[in-house]
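**Student:** So here's input.cif, just mmCIF, C-alpha atoms:
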```
data_work
loop_
_atom_site.label_atom_id
_atom_site.label_comp_id
_atom_site.auth_asym_id
_atom_site.auth_seq_id
_atom_site.Cartn_x
_atom_site.Cartn_y
_atom_site.Cartn_z
CA MET B 1 0.00 0.00 0.00
CA ALA B 2 2.85 2.38 0.82
CA ARG B 3 4.50 1.75 -2.51
CA LYS B 4 1.21 2.31 -4.31
CA ALA B 5 0.61 5.56 -2.42
CA ALA B 6 4.14 6.71 -3.21
CA GLY B 7 3.44 6.34 -6.90
CA GLY B 8 5.03 3.11 -7.94
CA ARG B 9 8.05 0.97 -7.49
CA GLU B 10 11.49 2.08 -6.51
CA ASP B 11 14.00 2.55 -9.29
CA SER B 12 16.76 -0.01 -9.27
CA THR B 13 20.10 1.49 -8.41
CA ASP B 14 23.53 0.27 -9.39
CA PRO B 15 25.57 -0.14 -6.17
CA ASP B 16 28.52 1.61 -7.85
CA ASP B 17 26.34 4.70 -8.35
CA LEU B 18 25.66 4.86 -4.63
CA PHE B 19 29.32 5.53 -3.92
CA ASP B 20 29.64 8.22 -6.59
CA ASP B 21 29.76 11.61 -4.81
CA SER B 22 30.28 13.67 -7.95
CA THR B 23 26.56 14.33 -8.42
CA LEU B 24 24.11 15.19 -5.66
CA ASP B 25 20.50 14.10 -5.62
CA GLU B 26 18.62 17.36 -4.98
CA ASP B 27 15.62 15.46 -3.56
CA ARG B 28 17.75 14.16 -0.72
CA ILE B 29 19.36 17.46 0.32
CA ASP B 30 17.87 19.06 3.42
CA ARG B 31 18.05 22.83 2.94
CA ASP B 32 16.21 23.67 6.17
CA THR B 33 18.17 25.32 8.92
CA PRO B 34 17.81 24.07 12.49
CA LEU B 35 15.73 27.20 13.20
CA ASP B 36 13.36 26.31 10.34
CA ARG B 37 12.86 22.83 11.80
CA VAL B 38 12.22 24.16 15.30
CA LEU B 39 9.74 26.75 14.06
CA ARG B 40 7.93 24.16 11.94
CA GLY B 41 7.62 21.93 15.01
CA GLU B 42 6.32 24.82 17.12
CA THR B 43 3.82 25.76 14.45
CA ALA B 44 2.55 22.19 14.25
CA GLU B 45 2.16 22.10 18.03
CA HIS B 46 0.16 25.35 18.01
CA VAL B 47 -2.12 23.98 15.29
CA ARG B 48 -2.61 20.73 17.24
CA ARG B 49 -3.53 22.66 20.38
CA ALA B 50 -5.90 24.94 18.48
CA LEU B 51 -7.59 21.93 16.85
CA ALA B 52 -7.90 20.15 20.19
CA ALA B 53 -9.56 23.23 21.69
CA LEU B 54 -12.34 23.24 19.07
CA ALA B 55 -15.67 21.68 19.94
CA PRO B 56 -15.74 18.08 18.64
CA HIS B 57 -18.50 18.69 16.09
CA TYR B 58 -16.45 21.51 14.52
CA ARG B 59 -13.16 19.63 14.74
CA ASP B 60 -14.62 16.49 13.11
CA VAL B 61 -15.91 18.35 10.06
CA LEU B 62 -12.70 20.37 9.73
CA ILE B 63 -10.53 17.25 9.83
CA LEU B 64 -12.75 15.31 7.45
CA CYS B 65 -13.03 18.07 4.85
CA GLU B 66 -9.64 19.76 5.12
CA LEU B 67 -7.19 17.07 6.18
CA SER B 68 -8.86 13.92 4.87
CA GLU B 69 -10.13 15.81 1.81
CA LEU B 70 -13.57 14.24 1.91
CA SER B 71 -16.34 15.93 -0.02
CA TYR B 72 -19.11 17.68 1.90
CA ALA B 73 -21.43 14.79 1.03
CA GLU B 74 -18.95 12.21 2.33
CA ALA B 75 -18.34 14.20 5.53
CA ALA B 76 -22.11 14.55 6.02
CA GLN B 77 -22.51 10.80 5.69
CA VAL B 78 -19.69 10.06 8.15
CA CYS B 79 -21.06 12.55 10.70
CA GLY B 80 -24.71 11.67 10.11
CA ILE B 81 -25.70 15.28 9.34
CA ASP B 82 -26.97 17.29 6.36
CA ILE B 83 -24.61 18.83 3.80
CA GLY B 84 -25.77 22.30 4.83
CA THR B 85 -24.75 21.54 8.40
CA VAL B 86 -21.32 20.42 7.17
CA ARG B 87 -20.89 23.74 5.34
CA SER B 88 -22.01 25.72 8.36
CA ARG B 89 -19.80 23.82 10.80
CA LEU B 90 -16.83 23.99 8.46
CA SER B 91 -17.19 27.74 8.11
CA ARG B 92 -17.43 28.19 11.87
CA ALA B 93 -14.55 25.77 12.48
CA ARG B 94 -12.28 27.71 10.12
CA ALA B 95 -13.19 30.98 11.82
CA LYS B 96 -12.63 29.57 15.31
CA LEU B 97 -9.34 27.98 14.30
CA ALA B 98 -8.13 31.25 12.77
CA GLN B 99 -9.16 33.07 15.95
CA ARG B 100 -7.20 30.62 18.12
CA LEU B 101 -4.12 30.82 15.87
CA ALA B 102 -4.13 34.63 15.56
CA PRO B 103 -2.04 35.27 18.72
CA PHE B 104 0.56 32.76 17.52
CA GLU B 105 0.71 34.38 14.07
CA ARG B 106 1.17 37.84 15.58
CA GLY B 107 3.95 36.51 17.81
CA ALA B 108 5.66 34.81 14.87
CA LYS B 109 5.56 38.00 12.80
CA GLU B 110 7.02 40.01 15.67
CA ALA B 111 9.80 37.46 16.15
CA VAL B 112 10.77 37.68 12.47
CA SER B 113 10.89 41.48 12.39
#
```
What do you get writing this file as structure tokens?
**Tutor:**
Amino acid sequence: MARKAAGGREDSTDPDDLFDDSTLDEDRIDRDTPLDRVLRGETAEHVRRALAALAPHYRDVLILCELSELSYAEAAQVCGIDIGTVRSRLSRARAKLAQRLAPFERGAKEAVS
């Protein structure tokens, strides 16, 4: 399943090519600085906390539609609600999430400047 999700099979590699340092594989080079990695981790933690603070009925719809990329109809079926209710809850969930993340965003902008 992982191979299928990744888009196919791995390319075979000649062992002699693995020891050749003359060319670099750009996909394998990590260009992030340690600060970038720390900030990304902090951002993820703030988003997790903000999501956890949402009421479950808002959080469920937000996760189903935004993260799992289900359609409104699919999310409505999973939650056992009407499509209109999914739209309403999703709109409110986005607003509440933005409201909870606003202090973090202001702090991040101040830290950069």
**Student:** Pick the closest to Ile63 in chain B from B:Arg94, B:Gly84, B:Pro103, B:Glu26: which is it, counting all atoms listed in the file?
**Tutor:**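 Closest to Ile63 in chain B, using all atoms listed in the file: B:Arg94.
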**Student:** Using all atoms listed in the file, which of the listed residues (B:Leu97, B:Arg89, B:Leu67, B:Ala76) sits closest to Ala52 in chain B?
**Tutor:** B:Leu97
**Student:** Just checking: using only C-alpha atoms, which residue out of B:Ser71, B:Phe104, B:Asp36, B:Ala93 ends up closest to Leu54 in chain B?
**Tutor:**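 Ranked by minimum distance to Leu54 in chain B, first place goes to B:Ala93.
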**Student:** Go through B:Ala50, B:Leu70, B:Leu101, B:Val61 one by one, measure the shortest atom-to-atom distance of each to Thr85 in chain B using only C-alpha atoms, and give the residue with the smallest value.
**Tutor:**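 For Thr85 in chain B, the nearest of the candidates is B:Val61.
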**Student:** Leaving out Asp60 in chain B and any residue of its chain fewer than 3 positions from it, which residues lie within 10 Å of it when counting all atoms listed in the file, given as a PyMOL selection string?
**Tutor:** chain B and resi 51+54-57+63-66+75+78-79+86+89-90+93
**Student:** All heavy atoms are what I want for range 36-47 of chain B; can you complete it accordingly and write them as a compact mmCIF listing (two decimals), in the frame of the given file?
**Tutor:**
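For reference, part-v2.txt as written:
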```txt
# COMPACT_ATOMS: atom_id res chain seq x y z
N ASP B 36 14.55 26.65 11.14
CA ASP B 36 13.36 26.31 10.34
C ASP B 36 12.66 25.08 10.90
O ASP B 36 11.44 25.03 11.01
CB ASP B 36 13.73 26.05 8.87
CG ASP B 36 14.19 27.28 8.14
OD1 ASP B 36 13.79 28.40 8.54
OD2 ASP B 36 14.96 27.13 7.17
N ARG B 37 13.45 24.06 11.26
CA ARG B 37 12.86 22.83 11.80
C ARG B 37 12.19 23.07 13.14
O ARG B 37 11.11 22.54 13.41
CB ARG B 37 13.93 21.74 11.89
CG ARG B 37 14.33 21.19 10.52
CD ARG B 37 15.21 19.97 10.63
NE ARG B 37 16.54 20.25 11.13
CZ ARG B 37 17.58 20.64 10.38
NH1 ARG B 37 17.41 20.79 9.08
NH2 ARG B 37 18.75 20.85 10.92
N VAL B 38 12.81 23.86 13.99
CA VAL B 38 12.22 24.16 15.30
C VAL B 38 10.92 24.94 15.13
O VAL B 38 9.90 24.62 15.76
CB VAL B 38 13.21 24.95 16.19
CG1 VAL B 38 12.52 25.55 17.40
CG2 VAL B 38 14.35 24.06 16.61
N LEU B 39 10.95 25.95 14.27
CA LEU B 39 9.74 26.75 14.06
C LEU B 39 8.62 25.93 13.45
O LEU B 39 7.45 26.10 13.81
CB LEU B 39 10.04 27.97 13.18
CG LEU B 39 10.91 29.04 13.82
CD1 LEU B 39 11.24 30.14 12.81
CD2 LEU B 39 10.24 29.63 15.06
N ARG B 40 8.95 25.03 12.54
CA ARG B 40 7.93 24.16 11.94
C ARG B 40 7.31 23.27 13.01
O ARG B 40 6.12 23.06 13.05
CB ARG B 40 8.53 23.34 10.80
CG ARG B 40 7.50 22.61 9.99
CD ARG B 40 8.04 21.94 8.73
NE ARG B 40 9.31 21.27 8.89
CZ ARG B 40 10.46 21.68 8.33
NH1 ARG B 40 10.48 22.76 7.58
NH2 ARG B 40 11.57 20.99 8.51
N GLY B 41 8.14 22.75 13.91
CA GLY B 41 7.62 21.93 15.01
C GLY B 41 6.74 22.73 15.95
O GLY B 41 5.70 22.24 16.39
N GLU B 42 7.14 23.96 16.26
CA GLU B 42 6.32 24.82 17.12
C GLU B 42 5.00 25.16 16.46
O GLU B 42 3.96 25.16 17.12
CB GLU B 42 7.08 26.09 17.48
CG GLU B 42 8.21 25.89 18.45
CD GLU B 42 8.95 27.17 18.77
OE1 GLU B 42 8.51 28.25 18.35
OE2 GLU B 42 9.98 27.08 19.45
N THR B 43 5.05 25.44 15.18
CA THR B 43 3.82 25.76 14.45
C THR B 43 2.87 24.57 14.47
O THR B 43 1.67 24.73 14.72
CB THR B 43 4.16 26.14 12.99
OG1 THR B 43 5.02 27.27 12.99
CG2 THR B 43 2.90 26.44 12.20
N ALA B 44 3.39 23.38 14.23
CA ALA B 44 2.55 22.19 14.25
C ALA B 44 1.92 21.99 15.63
O ALA B 44 0.75 21.63 15.74
CB ALA B 44 3.37 20.96 13.86
N GLU B 45 2.69 22.25 16.67
CA GLU B 45 2.16 22.10 18.03
C GLU B 45 1.05 23.12 18.30
O GLU B 45 0.03 22.79 18.91
CB GLU B 45 3.28 22.24 19.07
CG GLU B 45 2.81 22.04 20.49
CD GLU B 45 2.18 20.67 20.74
OE1 GLU B 45 2.55 19.68 20.08
OE2 GLU B 45 1.29 20.59 21.61
N HIS B 46 1.22 24.35 17.83
CA HIS B 46 0.16 25.35 18.01
C HIS B 46 -1.11 24.95 17.27
O HIS B 46 -2.22 25.13 17.78
CB HIS B 46 0.64 26.73 17.53
CG HIS B 46 1.59 27.39 18.47
ND1 HIS B 46 1.19 27.91 19.68
CD2 HIS B 46 2.91 27.61 18.39
CE1 HIS B 46 2.24 28.43 20.29
NE2 HIS B 46 3.30 28.25 19.53
N VAL B 47 -0.95 24.42 16.06
CA VAL B 47 -2.12 23.98 15.29
C VAL B 47 -2.80 22.81 15.99
O VAL B 47 -4.03 22.77 16.10
CB VAL B 47 -1.72 23.62 13.84
CG1 VAL B 47 -2.87 22.96 13.10
CG2 VAL B 47 -1.24 24.86 13.10
```
